[in-house]
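Dropping run_39.txt in here (compact mmCIF, C-alpha atoms):
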# COMPACT_ATOMS: atom_id res chain seq x y z
CA MET A 378 13.90 -3.50 35.26
CA ALA A 379 14.97 -4.70 38.74
CA VAL A 380 17.46 -1.83 39.05
CA GLU A 381 14.87 0.79 38.12
CA PHE A 382 12.35 -0.56 40.64
CA PHE A 383 15.01 -0.72 43.35
CA ILE A 384 16.12 2.90 42.85
CA ALA A 385 12.53 4.20 42.48
CA GLY A 386 11.62 2.45 45.74
CA LYS A 387 14.64 3.97 47.48
CA TYR A 388 13.60 7.43 46.34
CA LEU A 389 10.09 6.90 47.68
CA ARG A 390 11.30 5.69 51.10
CA ALA A 391 14.23 8.06 51.50
CA LYS A 392 13.93 11.13 53.71
CA ARG A 393 13.92 14.37 51.73
CA LYS A 394 16.09 17.35 52.41
CA GLU A 395 13.13 19.41 51.41
CA GLY A 396 9.98 18.30 53.25
CA PHE A 397 7.97 20.24 50.68
CA ILE A 398 8.59 17.51 48.07
CA SER A 399 7.16 14.88 50.42
CA LEU A 400 4.11 17.07 50.99
CA ILE A 401 3.52 17.38 47.24
CA THR A 402 3.82 13.58 46.88
CA PHE A 403 1.30 13.07 49.69
CA LEU A 404 -1.10 15.59 48.11
CA ALA A 405 -0.72 13.83 44.75
CA VAL A 406 -1.70 10.47 46.29
CA ALA A 407 -4.60 12.09 48.18
CA GLY A 408 -5.77 13.92 45.03
CA VAL A 409 -5.84 10.76 42.95
CA MET A 410 -7.59 8.90 45.76
CA VAL A 411 -10.31 11.55 46.19
CA GLY A 412 -10.85 11.87 42.44
CA VAL A 413 -11.17 8.13 41.89
CA MET A 414 -13.42 7.70 44.94
CA ALA A 415 -15.73 10.52 43.79
CA LEU A 416 -15.91 9.05 40.30
CA VAL A 417 -16.72 5.56 41.55
CA VAL A 418 -19.51 6.81 43.85
CA VAL A 419 -21.07 9.27 41.37
CA ILE A 420 -21.00 6.87 38.42
CA ALA A 421 -22.48 4.13 40.64
CA VAL A 422 -25.33 6.49 41.59
CA MET A 423 -25.92 7.41 37.94
CA SER A 424 -25.96 3.74 36.95
CA GLY A 425 -28.35 3.03 39.82
CA ALA A 426 -30.69 5.80 38.68
CA GLU A 427 -30.68 4.47 35.11
CA ASN A 428 -31.38 0.94 36.35
CA GLN A 429 -34.16 2.17 38.65
CA PHE A 430 -35.85 4.12 35.85
CA ARG A 431 -35.62 1.06 33.62
CA LYS A 432 -37.20 -1.19 36.28
CA GLN A 433 -40.03 1.27 36.90
CA ILE A 434 -40.81 1.68 33.21
CA LEU A 435 -40.65 -2.04 32.44
CA GLY A 436 -42.81 -2.73 35.49
CA LEU A 437 -45.72 -1.18 33.57
CA GLU A 438 -44.76 -1.23 29.90
CA PRO A 439 -44.35 -4.17 27.50
CA HIS A 440 -40.90 -4.71 26.03
CA ILE A 441 -42.23 -4.58 22.47
CA LEU A 442 -45.44 -3.12 21.01
CA VAL A 443 -46.95 -4.13 17.66
CA MET A 444 -49.13 -1.20 16.59
CA ASN A 445 -51.06 -0.04 13.54
CA TYR A 446 -50.65 3.27 11.69
CA LYS A 447 -54.44 3.48 11.38
CA GLY A 448 -54.93 3.34 15.15
CA SER A 449 -56.96 0.57 16.73
CA TYR A 450 -57.40 -2.64 14.77
CA ASP A 451 -59.24 -5.95 14.94
CA ASN A 452 -58.60 -9.46 13.58
CA TYR A 453 -55.37 -9.64 15.55
CA GLY A 454 -55.60 -13.35 16.35
CA PRO A 455 -53.47 -14.54 13.38
CA LEU A 456 -50.76 -12.02 14.24
CA ILE A 457 -50.60 -13.26 17.84
CA ALA A 458 -50.52 -16.85 16.61
CA SER A 459 -47.55 -16.07 14.34
CA LEU A 460 -45.60 -14.69 17.33
CA GLU A 461 -46.32 -17.48 19.80
CA ASP A 462 -43.63 -19.82 18.45
CA ASN A 463 -40.84 -17.28 19.03
CA PRO A 464 -38.39 -18.83 21.55
CA HIS A 465 -37.50 -15.43 23.07
CA ILE A 466 -41.08 -14.31 23.76
CA LYS A 467 -42.35 -15.00 27.28
CA GLU A 468 -45.80 -13.42 27.16
CA ILE A 469 -48.16 -11.84 24.61
CA SER A 470 -51.20 -9.74 25.50
CA PRO A 471 -53.55 -7.45 23.52
CA ILE A 472 -53.89 -3.94 24.96
CA LEU A 473 -56.35 -1.12 24.30
CA PHE A 474 -55.41 2.49 25.10
CA GLY A 475 -58.14 5.07 25.71
CA GLN A 476 -58.83 8.45 27.25
CA ALA A 477 -61.65 9.10 29.67
CA MET A 478 -62.80 11.17 32.62
CA ILE A 479 -63.08 9.58 36.05
CA ARG A 480 -65.88 10.84 38.28
CA THR A 481 -66.47 10.19 41.95
CA SER A 482 -69.05 11.57 44.36
CA HIS A 483 -66.86 14.61 45.03
CA SER A 484 -64.20 14.84 42.31
CA PHE A 485 -63.56 14.79 38.58
CA SER A 486 -60.31 14.13 36.68
CA GLY A 487 -58.84 13.00 33.37
CA VAL A 488 -57.49 9.47 33.10
CA MET A 489 -55.62 7.23 30.64
CA VAL A 490 -57.39 3.88 30.46
CA ARG A 491 -55.68 0.63 29.55
CA GLY A 492 -57.70 -2.43 28.70
CA ILE A 493 -55.79 -5.64 29.46
CA THR A 494 -56.39 -9.38 29.57
CA PRO A 495 -55.12 -10.58 32.97
CA GLU A 496 -55.92 -14.22 32.15
CA ASN A 497 -52.96 -14.23 29.73
CA GLY A 498 -50.65 -14.14 32.75
CA SER A 499 -48.63 -11.19 31.46
CA PRO A 500 -46.61 -9.02 33.88
CA LEU A 501 -48.84 -6.03 33.21
CA ILE A 502 -48.85 -4.12 36.50
CA LYS A 503 -46.00 -3.86 38.97
CA GLY A 504 -46.91 -5.44 42.31
CA PHE A 505 -49.75 -7.60 40.95
CA THR A 506 -49.49 -11.28 40.10
CA PRO A 507 -51.59 -12.65 37.20
CA ALA A 508 -53.91 -14.34 39.72
CA GLN A 509 -54.41 -11.07 41.62
CA LEU A 510 -55.09 -9.23 38.37
CA GLU A 511 -57.67 -11.76 37.25
CA GLU A 512 -59.37 -11.60 40.62
CA ALA A 513 -59.38 -7.79 40.61
CA LEU A 514 -60.49 -7.14 37.04
CA GLY A 515 -62.62 -10.24 36.68
CA PRO A 516 -63.51 -12.16 33.55
CA ASN A 517 -64.43 -10.52 30.25
CA LEU A 518 -67.83 -9.06 31.14
CA ARG A 519 -69.52 -8.00 27.93
CA THR A 520 -72.58 -6.57 29.66
CA GLY A 521 -70.65 -4.60 32.24
CA LEU A 522 -72.38 -6.46 35.08
CA LYS A 523 -71.73 -9.92 36.44
CA ILE A 524 -75.06 -11.31 37.56
CA ASN A 525 -74.91 -13.40 40.73
CA THR A 526 -77.81 -15.09 42.41
CA LYS A 527 -78.13 -12.30 44.98
CA THR A 528 -76.46 -9.14 43.69
CA HIS A 529 -74.90 -7.32 40.78
CA THR A 530 -71.11 -7.03 40.90
CA LEU A 531 -69.48 -4.08 39.16
CA PRO A 532 -66.36 -4.70 37.08
CA GLY A 533 -63.08 -3.89 38.77
CA ILE A 534 -60.64 -1.08 38.08
CA ILE A 535 -57.06 -0.56 39.33
CA LEU A 536 -55.91 3.06 39.72
CA GLY A 537 -52.54 4.70 40.12
CA LYS A 538 -52.03 5.60 43.77
CA ALA A 539 -51.62 9.32 43.07
CA LEU A 540 -54.74 9.29 40.89
CA ALA A 541 -56.75 7.53 43.61
CA ASN A 542 -55.58 10.09 46.16
CA SER A 543 -56.43 13.03 43.89
CA VAL A 544 -60.02 11.87 43.31
CA GLY A 545 -60.38 10.71 46.92
CA VAL A 546 -61.16 7.01 46.55
CA ILE A 547 -59.92 3.88 48.26
CA LYS A 548 -60.33 0.16 47.63
CA GLY A 549 -64.03 -0.72 47.50
CA ASP A 550 -65.26 2.71 46.36
CA LYS A 551 -67.30 3.11 43.17
CA VAL A 552 -66.28 5.36 40.29
CA ILE A 553 -67.69 6.27 36.88
CA LEU A 554 -65.61 6.42 33.70
CA MET A 555 -66.88 8.70 30.92
CA SER A 556 -65.42 8.28 27.46
CA SER A 557 -65.11 10.93 24.76
CA LYS A 558 -67.10 8.53 22.57
CA SER A 559 -70.83 9.26 22.69
CA PHE A 560 -74.09 7.80 21.44
CA ILE A 561 -77.30 9.45 20.28
CA SER A 562 -80.34 9.29 22.54
CA PRO A 563 -83.79 10.94 22.41
CA ILE A 564 -82.35 13.86 24.39
CA GLY A 565 -79.20 14.23 22.24
CA GLN A 566 -75.66 12.93 22.38
CA ILE A 567 -74.68 11.30 25.67
CA PRO A 568 -71.09 10.32 26.52
CA SER A 569 -70.41 6.63 27.00
CA MET A 570 -70.27 5.86 30.73
CA LYS A 571 -69.51 2.78 32.80
CA ARG A 572 -69.43 2.19 36.54
CA PHE A 573 -66.51 0.40 38.19
CA ILE A 574 -65.45 -0.60 41.68
CA VAL A 575 -61.89 0.16 42.81
CA LYS A 576 -60.11 -3.15 43.37
CA GLY A 577 -56.68 -1.77 44.22
CA THR A 578 -53.97 0.76 43.49
CA PHE A 579 -50.42 0.55 42.14
CA GLU A 580 -47.37 2.74 42.68
CA SER A 581 -44.64 2.74 40.03
CA GLY A 582 -42.69 5.69 41.44
CA MET A 583 -43.20 7.72 38.25
CA SER A 584 -45.78 10.48 38.58
CA GLU A 585 -46.84 10.40 34.91
CA TYR A 586 -48.08 6.84 35.46
CA ASP A 587 -49.31 7.03 39.05
CA SER A 588 -51.38 10.18 38.51
CA MET A 589 -53.01 9.33 35.17
CA LEU A 590 -53.23 5.57 34.60
CA ALA A 591 -56.16 3.21 35.21
CA TYR A 592 -56.44 -0.49 34.29
CA VAL A 593 -59.67 -2.29 33.38
CA HIS A 594 -60.44 -5.53 31.58
CA LEU A 595 -60.02 -5.38 27.80
CA GLY A 596 -63.71 -6.14 27.20
CA GLN A 597 -64.76 -3.26 29.47
CA ALA A 598 -62.38 -0.84 27.75
CA GLN A 599 -63.70 -1.86 24.32
CA GLN A 600 -67.26 -1.09 25.42
CA LEU A 601 -66.24 2.19 27.04
CA VAL A 602 -64.51 3.62 23.94
CA SER A 603 -66.87 1.94 21.46
CA ALA A 604 -64.12 -0.18 19.91
CA LYS A 605 -65.77 -3.60 19.74
CA ASP A 606 -63.21 -6.40 19.30
CA LYS A 607 -60.45 -3.84 18.62
CA ILE A 608 -57.11 -3.24 20.31
CA SER A 609 -54.45 -0.52 20.14
CA ALA A 610 -51.38 -2.76 20.35
CA ILE A 611 -50.07 -6.24 21.03
CA GLY A 612 -47.82 -6.15 24.09
CA ILE A 613 -44.87 -8.55 24.05
CA TRP A 614 -42.49 -9.49 26.88
CA VAL A 615 -39.13 -11.08 25.98
CA ASP A 616 -36.61 -13.07 28.00
CA ASP A 617 -33.80 -10.48 27.77
CA VAL A 618 -34.72 -6.79 27.77
CA PHE A 619 -31.22 -5.76 26.68
CA LYS A 620 -31.42 -7.86 23.50
CA VAL A 621 -34.78 -6.46 22.48
CA LYS A 622 -33.43 -4.80 19.31
CA GLN A 623 -31.68 -7.97 18.19
CA ILE A 624 -34.85 -10.00 18.79
CA ARG A 625 -36.89 -7.38 16.96
CA GLU A 626 -34.61 -7.45 13.90
CA GLU A 627 -34.41 -11.24 13.73
CA TYR A 628 -37.98 -12.28 14.48
CA PHE A 629 -40.25 -9.32 13.59
CA ASN A 630 -39.12 -8.61 10.02
CA PHE A 631 -42.27 -10.28 8.63
CA ILE A 632 -44.48 -7.49 10.05
CA GLU A 633 -45.36 -5.07 7.27
CA TYR A 634 -47.46 -1.94 6.71
CA PRO A 635 -49.89 -0.93 8.18
CA PHE A 636 -48.34 -2.57 11.24
CA TYR A 637 -45.13 -1.35 12.86
CA VAL A 638 -43.01 -2.38 15.85
CA ARG A 639 -41.68 -0.26 18.71
CA ASP A 640 -39.53 -1.43 21.62
CA TRP A 641 -39.03 0.06 25.07
CA MET A 642 -35.65 1.53 24.07
CA ASP A 643 -37.24 3.51 21.21
CA ILE A 644 -40.16 4.72 23.30
CA ASN A 645 -37.93 5.94 26.16
CA GLN A 646 -34.93 6.95 24.05
CA SER A 647 -34.92 10.60 25.16
CA LEU A 648 -34.92 9.68 28.87
CA PHE A 649 -32.07 7.16 28.67
CA SER A 650 -30.08 9.36 26.27
CA ALA A 651 -30.30 12.20 28.80
CA LEU A 652 -29.16 9.88 31.61
CA LYS A 653 -26.24 8.61 29.54
CA LEU A 654 -25.23 12.16 28.60
CA GLU A 655 -25.37 13.23 32.26
CA LYS A 656 -23.29 10.21 33.25
CA THR A 657 -20.66 11.07 30.63
CA ALA A 658 -20.61 14.73 31.68
CA MET A 659 -20.10 13.79 35.34
CA PHE A 660 -17.27 11.45 34.36
CA ILE A 661 -15.50 14.23 32.44
CA ILE A 662 -16.00 16.83 35.19
CA LEU A 663 -14.81 14.59 38.01
CA THR A 664 -11.83 13.42 35.95
CA LEU A 665 -10.53 16.98 36.34
CA ILE A 666 -9.89 16.17 40.02
CA ILE A 667 -7.56 13.36 38.93
CA LEU A 668 -5.97 15.70 36.40
CA VAL A 669 -5.15 18.20 39.16
CA ALA A 670 -3.61 15.37 41.18
CA ALA A 671 -1.59 14.40 38.12
CA PHE A 672 -0.14 17.92 38.03
CA ASN A 673 0.99 17.34 41.61
CA ILE A 674 2.70 14.12 40.54
CA ALA A 675 4.48 15.99 37.76
CA SER A 676 5.50 18.75 40.19
CA ALA A 677 6.83 16.24 42.72
CA LEU A 678 8.86 14.46 40.03
CA ILE A 679 10.29 17.70 38.62
CA MET A 680 11.42 18.82 42.07
CA MET A 681 12.86 15.36 42.74
CA VAL A 682 14.82 15.54 39.47
CA MET A 683 16.30 18.82 40.68
CA GLU A 684 17.07 17.35 44.12
CA LYS A 685 18.58 14.13 42.72
CA SER A 686 20.66 15.75 39.97
CA LYS A 687 23.92 14.46 41.51
CA ASP A 688 22.47 10.94 41.79
CA ILE A 689 21.42 11.07 38.14
CA ALA A 690 24.91 12.23 37.15
CA VAL A 691 26.57 9.41 39.12
CA LEU A 692 24.22 6.83 37.59
CA LYS A 693 24.99 8.08 34.10
CA ALA A 694 28.73 8.06 34.85
CA MET A 695 28.35 4.43 35.92
CA GLY A 696 26.77 3.58 32.56
CA ALA A 697 23.03 4.10 33.10
CA THR A 698 21.31 4.85 29.81
CA HIS A 699 18.66 7.49 29.11
CA THR A 700 16.03 4.71 29.15
CA ILE A 701 17.02 3.55 32.65
CA ILE A 702 16.88 7.08 34.06
CA ARG A 703 13.53 7.68 32.39
CA ARG A 704 12.12 4.43 33.76
CA ILE A 705 13.19 5.28 37.33
CA PHE A 706 11.03 8.41 37.44
CA ILE A 707 8.18 6.88 35.46
CA ILE A 708 8.05 3.98 37.94
CA LYS A 709 8.12 6.36 40.91
CA GLY A 710 5.25 8.41 39.47
CA MET A 711 3.27 5.28 38.59
CA ILE A 712 3.67 3.92 42.13
CA ILE A 713 2.10 7.14 43.41
CA GLY A 714 -0.68 6.95 40.80
CA ILE A 715 -1.44 3.25 41.28
CA PHE A 716 -1.43 3.57 45.08
CA GLY A 717 -3.81 6.55 44.92
CA THR A 718 -6.04 4.75 42.41
CA PHE A 719 -6.15 1.63 44.57
CA LEU A 720 -7.10 3.59 47.69
CA GLY A 721 -9.71 5.62 45.77
CA THR A 722 -11.27 2.51 44.27
CA LEU A 723 -11.28 0.74 47.64
CA PHE A 724 -12.89 3.62 49.52
CA GLY A 725 -15.32 4.25 46.64
CA VAL A 726 -16.54 0.66 46.73
CA ILE A 727 -16.88 0.82 50.52
CA VAL A 728 -18.90 4.05 50.33
CA CYS A 729 -21.16 2.52 47.64
CA PHE A 730 -21.70 -0.55 49.83
CA PHE A 731 -22.80 1.55 52.81
CA LEU A 732 -24.99 3.83 50.66
CA LYS A 733 -26.74 0.79 49.22
CA LYS A 734 -27.18 -1.01 52.53
CA TYR A 735 -28.08 1.92 54.78
CA ASP A 736 -30.40 4.84 54.01
CA PHE A 737 -27.99 7.65 54.87
CA ILE A 738 -29.50 9.94 52.23
CA GLN A 739 -33.29 10.27 51.93
CA LEU A 740 -34.48 11.89 48.71
CA PRO A 741 -37.42 14.33 48.63
CA ASP A 742 -40.75 13.44 46.99
CA ALA A 743 -39.74 15.22 43.78
CA TYR A 744 -37.59 12.21 42.87
CA PRO A 745 -39.11 8.96 41.55
CA PHE A 746 -37.26 6.94 44.24
CA SER A 747 -37.09 7.42 47.99
CA LYS A 748 -33.44 6.52 48.59
CA LEU A 749 -30.23 7.06 46.67
CA PRO A 750 -30.00 4.36 43.97
CA VAL A 751 -26.55 2.75 43.81
CA GLN A 752 -25.43 0.11 41.32
CA LEU A 753 -21.72 -0.64 41.15
CA GLU A 754 -20.74 -2.08 37.77
CA THR A 755 -17.40 -3.81 37.25
CA MET A 756 -16.83 -2.24 33.83
CA ASP A 757 -17.35 1.28 35.21
CA VAL A 758 -14.81 0.64 37.99
CA LEU A 759 -12.29 -0.72 35.48
CA ILE A 760 -12.73 2.27 33.15
CA ILE A 761 -12.32 4.73 36.04
CA SER A 762 -9.22 2.97 37.38
CA GLY A 763 -7.70 2.62 33.92
CA SER A 764 -8.33 6.29 33.11
CA ALA A 765 -6.76 7.42 36.40
CA ILE A 766 -3.64 5.29 35.84
CA LEU A 767 -3.33 6.53 32.25
CA ILE A 768 -3.51 10.19 33.36
CA CYS A 769 -0.88 9.53 36.02
CA PHE A 770 1.38 7.83 33.45
CA ILE A 771 1.10 10.80 31.08
CA SER A 772 2.05 13.16 33.92
CA THR A 773 5.35 11.28 34.43
CA LEU A 774 6.55 11.58 30.81
CA TYR A 775 7.92 15.15 30.87
CA PRO A 776 9.80 14.95 34.23
CA SER A 777 11.33 11.59 33.28
CA TYR A 778 12.35 12.95 29.88
CA LYS A 779 14.07 15.97 31.50
CA ALA A 780 15.88 13.65 33.92
CA SER A 781 17.14 11.40 31.12
CA LYS A 782 18.48 14.40 29.14
CA MET A 783 20.41 15.86 32.08
CA ASP A 784 24.12 16.41 31.39
CA PRO A 785 26.09 14.55 34.13
CA VAL A 786 29.08 16.90 33.94
CA GLU A 787 26.93 19.98 34.45
CA ALA A 788 24.95 18.25 37.21
CA ILE A 789 28.16 17.39 39.16
CA ARG A 790 29.70 20.83 38.58
CA TYR A 791 26.68 22.89 39.70
CA GLY A 792 24.82 20.33 41.85
Whole structure, C-alpha cells version:
Amino acid sequence: MAVEFFIAGKYLRAKRKEGFISLITFLAVAGVMVGVMALVVVIAVMSGAENQFRKQILGLEPHILVMNYKGSYDNYGPLIASLEDNPHIKEISPILFGQAMIRTSHSFSGVMVRGITPENGSPLIKGFTPAQLEEALGPNLRTGLKINTKTHTLPGIILGKALANSVGVIKGDKVILMSSKSFISPIGQIPSMKRFIVKGTFESGMSEYDSMLAYVHLGQAQQLVSAKDKISAIGIWVDDVFKVKQIREEYFNFIEYPFYVRDWMDINQSLFSALKLEKTAMFIILTLIILVAAFNIASALIMMVMEKSKDIAVLKAMGATHTIIRRIFIIKGMIIGIFGTFLGTLFGVIVCFFLKKYDFIQLPDAYPFSKLPVQLETMDVLIISGSAILICFISTLYPSYKASKMDPVEAIRYG
C-alpha cells in the first residue's frame, strides 16, 4: 500500500496542466466541509431541543404514574408500601387532578388543579425545593383555615406564571377556586368554593403548563373536588429516566386491573416521535449537500484519470495491477473526503461551542426556550462523519474502476 499512497500523494501535490481540475478538487473539499458542518450544527440543535423539552416536561411530571381505570381511588396506602422497597425509585407521592375556575377581584379563568403532598420531598414543581413547597402550601389543612392565635391564614396556592399574569395576581393576592362539584343548599345547588392565597409562581417554559396549572395541598384539592381521601394517581420518580421502561417491566408487573401504569415516554410519545422524525428528515436533507460534494470528487477523479492516462499506461507497463491502479484513485478521493470531513466536523464543533456559550440567536416568545438549545452528542458526530466518509468512498469507485480498466497501449498511442 506504500506505493499507492506515495503516488496518490504526488497527484494531490502536483501542479495540474488544467487548473480546472484543481478547482473541482477544492470545491469537493469545501462541499464536504460545508455539508458536514451544517449537519453537525443542525443535529446538535435538534438534540438540544429534544433534551430541553424533556427537562421541561420532567420538571413538572412524574416519571411513572400508577392510575385507575375507574378514575380517582382511595385505599392507596398498601400500593405505595409495596413500591417503597424498589431500589430504582427515588420518590413516591400521591397526586389528585381536578378542574376548576379561578376567580379574582377582576378576572375569571379555567384552571387545572393538582393536589400534592410537599412533605414527601418529591421534585414536584420546577424551581421549588421540598422545603419551599411545604412552606408555600402548608400542612394538610382539613378545614381550609389554619387557626393562629391572632388571625386566620388561608391555604397557599402556586400558579403558573402565565396564568397568574392572565388573571392579574401576584404573590400575596387572594383568589377563589370554584369546582364543578356542587352541594345542595336551601337556595339550590352551589358550586364548591375555597379561598387561597398566592404563595408563588412557576415557569416551565411550556405554555400548556404555565397558562393552566395550579398546585395546592392534596387535602385542599380533595375538599375542593369532593374526593375525600381519594387520589387520581401515584407519582413515581426513578433514578434513571432513560431506563423507565425497563424498570416498569421488571418491577411493576404485579400491578393488575383496575390499576394501570404509564411512564413519561408513553404520555409524551407523540411529541418525541415528531422531534425524532424531524431530526431524521433534517439529516437526510442535509446529507444531500455531502452527496453533491461527492459528485465533485467523482468529477475530479474522472478528469484526473483522463489527464494521467499516460502515467497509468506506464505504471501498467511496469507491472502495476488493476488493484494498484484502483487503489491509487480511491486513496486520492478518500484523502479529499476525509480532509473535508475533518474540517467540517472541526468547524461544526466550534460553531456549536460558540452557540452554546454565547447568545448569538435569540428566539421569539413563540418558542418554549429563549435561546437556541445546543447539545453535541458524540454518537451523532460519529454517525455524521462516518456517513460522509462512506459517501465519499462510494464516489471514488467508478473513476478508479475506469482507471484500472484502461488499456495501456491505447493510452500511450492516443495520450
Exercise for the section: Give the answer as one residue: which of A:Val728, A:Ala610, A:Ile715, A:Leu435 has the shortest atom-to-atom distance to Leu753 of chain A, using only C-alpha atoms? Expected result: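 Result for the nearest residue to Leu753 of chain A: A:Val728.
Put simply, atom CA of Gly425 of chain A is 8.2 Å away from atom CA of Leu749 of chain A.
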Problem - Nearest-residue call for Lys709 of chain A, choices A:Leu740, A:Ile727, A:Ala677, A:Ile493, using only C-alpha atoms - result: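 Under the stated criterion, the closest residue is A:Ala677.
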Exercise for the section: Between atom CA of Glu511 of chain A and atom CA of Gly582 of chain A, measure the distance and give it in Å to one decimal. Expected result: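 Atom-to-atom, atom CA of Glu511 of chain A and atom CA of Gly582 of chain A are spaced 23.4 Å apart.
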Handout entry: Residue with smallest distance to Ile701 of chain A - pool A:Met444, A:Met478, A:Leu510, A:Ile689, counting all atoms listed in the file
Key =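 Nearest candidate to Ile701 of chain A out of A:Met444, A:Met478, A:Leu510, A:Ile689: A:Ile689.
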Problem - Distance of atom CA of Tyr775 of chain A from atom CA of Gly412 of chain A, expressed in Å to one decimal place - result: 22.3 Å
Problem - Counting all atoms listed in the file, the option among A:Ser747, A:Gln623, A:Ser762, A:Thr718 closest to His465 of chain A - result: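 Selected residue with least distance to His465 of chain A: A:Gln623.
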Practice task
Go through A:Gly475, A:Gly454, A:Pro464, A:Gly436 and flag the residue nearest Ile502 of chain A, using only C-alpha atoms for the distances.
Solution key: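 Going through A:Gly475, A:Gly454, A:Pro464, A:Gly436 one by one, the smallest distance to Ile502 of chain A is for A:Gly436.
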Exercise for the section: Determine the nearest neighbour of Ala651 of chain A from the options A:Met414, A:Ala426, A:Glu496, A:Gly408, counting only C-alpha atoms. Expected result: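 The answer is A:Ala426, which sits nearest to Ala651 of chain A.
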Would you fill out segment 469-484 of chain A with N, CA and C atoms and return it as a JSON list (two decimals), keeping the file's coordinate frame?
[["chain", "number", "residue", "atom", "x", "y", "z"],
["A", 469, "ILE", "N", -47.52, -12.68, 25.62],
["A", 469, "ILE", "CA", -48.16, -11.84, 24.61],
["A", 469, "ILE", "C", -49.53, -11.46, 25.13],
["A", 470, "SER", "N", -49.89, -10.18, 25.00],
["A", 470, "SER", "CA", -51.20, -9.74, 25.50],
["A", 470, "SER", "C", -51.71, -8.58, 24.66],
["A", 471, "PRO", "N", -52.96, -8.62, 24.21],
["A", 471, "PRO", "CA", -53.55, -7.45, 23.52],
["A", 471, "PRO", "C", -53.85, -6.34, 24.52],
["A", 472, "ILE", "N", -53.69, -5.10, 24.09],
["A", 472, "ILE", "CA", -53.89, -3.94, 24.96],
["A", 472, "ILE", "C", -54.69, -2.89, 24.19],
["A", 473, "LEU", "N", -55.60, -2.23, 24.88],
["A", 473, "LEU", "CA", -56.35, -1.12, 24.30],
["A", 473, "LEU", "C", -56.10, 0.14, 25.11],
["A", 474, "PHE", "N", -55.64, 1.20, 24.45],
["A", 474, "PHE", "CA", -55.41, 2.49, 25.10],
["A", 474, "PHE", "C", -56.63, 3.38, 24.85],
["A", 475, "GLY", "N", -57.02, 4.15, 25.86],
["A", 475, "GLY", "CA", -58.14, 5.07, 25.71],
["A", 475, "GLY", "C", -58.06, 6.22, 26.69],
["A", 476, "GLN", "N", -58.76, 7.29, 26.38],
["A", 476, "GLN", "CA", -58.83, 8.45, 27.25],
["A", 476, "GLN", "C", -60.25, 8.58, 27.80],
["A", 477, "ALA", "N", -60.33, 8.97, 29.05],
["A", 477, "ALA", "CA", -61.65, 9.10, 29.67],
["A", 477, "ALA", "C", -61.57, 10.10, 30.82],
["A", 478, "MET", "N", -62.71, 10.36, 31.40],
["A", 478, "MET", "CA", -62.80, 11.17, 32.62],
["A", 478, "MET", "C", -63.29, 10.25, 33.73],
["A", 479, "ILE", "N", -62.65, 10.36, 34.90],
["A", 479, "ILE", "CA", -63.08, 9.58, 36.05],
["A", 479, "ILE", "C", -63.84, 10.50, 37.00],
["A", 480, "ARG", "N", -65.00, 10.02, 37.44],
["A", 480, "ARG", "CA", -65.88, 10.84, 38.28],
["A", 480, "ARG", "C", -66.21, 10.06, 39.54],
["A", 481, "THR", "N", -66.07, 10.75, 40.66],
["A", 481, "THR", "CA", -66.47, 10.19, 41.95],
["A", 481, "THR", "C", -67.56, 11.08, 42.53],
["A", 482, "SER", "N", -67.97, 10.79, 43.74],
["A", 482, "SER", "CA", -69.05, 11.57, 44.36],
["A", 482, "SER", "C", -68.63, 13.00, 44.64],
["A", 483, "HIS", "N", -67.30, 13.27, 44.68],
["A", 483, "HIS", "CA", -66.86, 14.61, 45.03],
["A", 483, "HIS", "C", -65.67, 15.09, 44.22],
["A", 484, "SER", "N", -65.37, 14.41, 43.09],
["A", 484, "SER", "CA", -64.20, 14.84, 42.31],
["A", 484, "SER", "C", -64.35, 14.40, 40.86]]
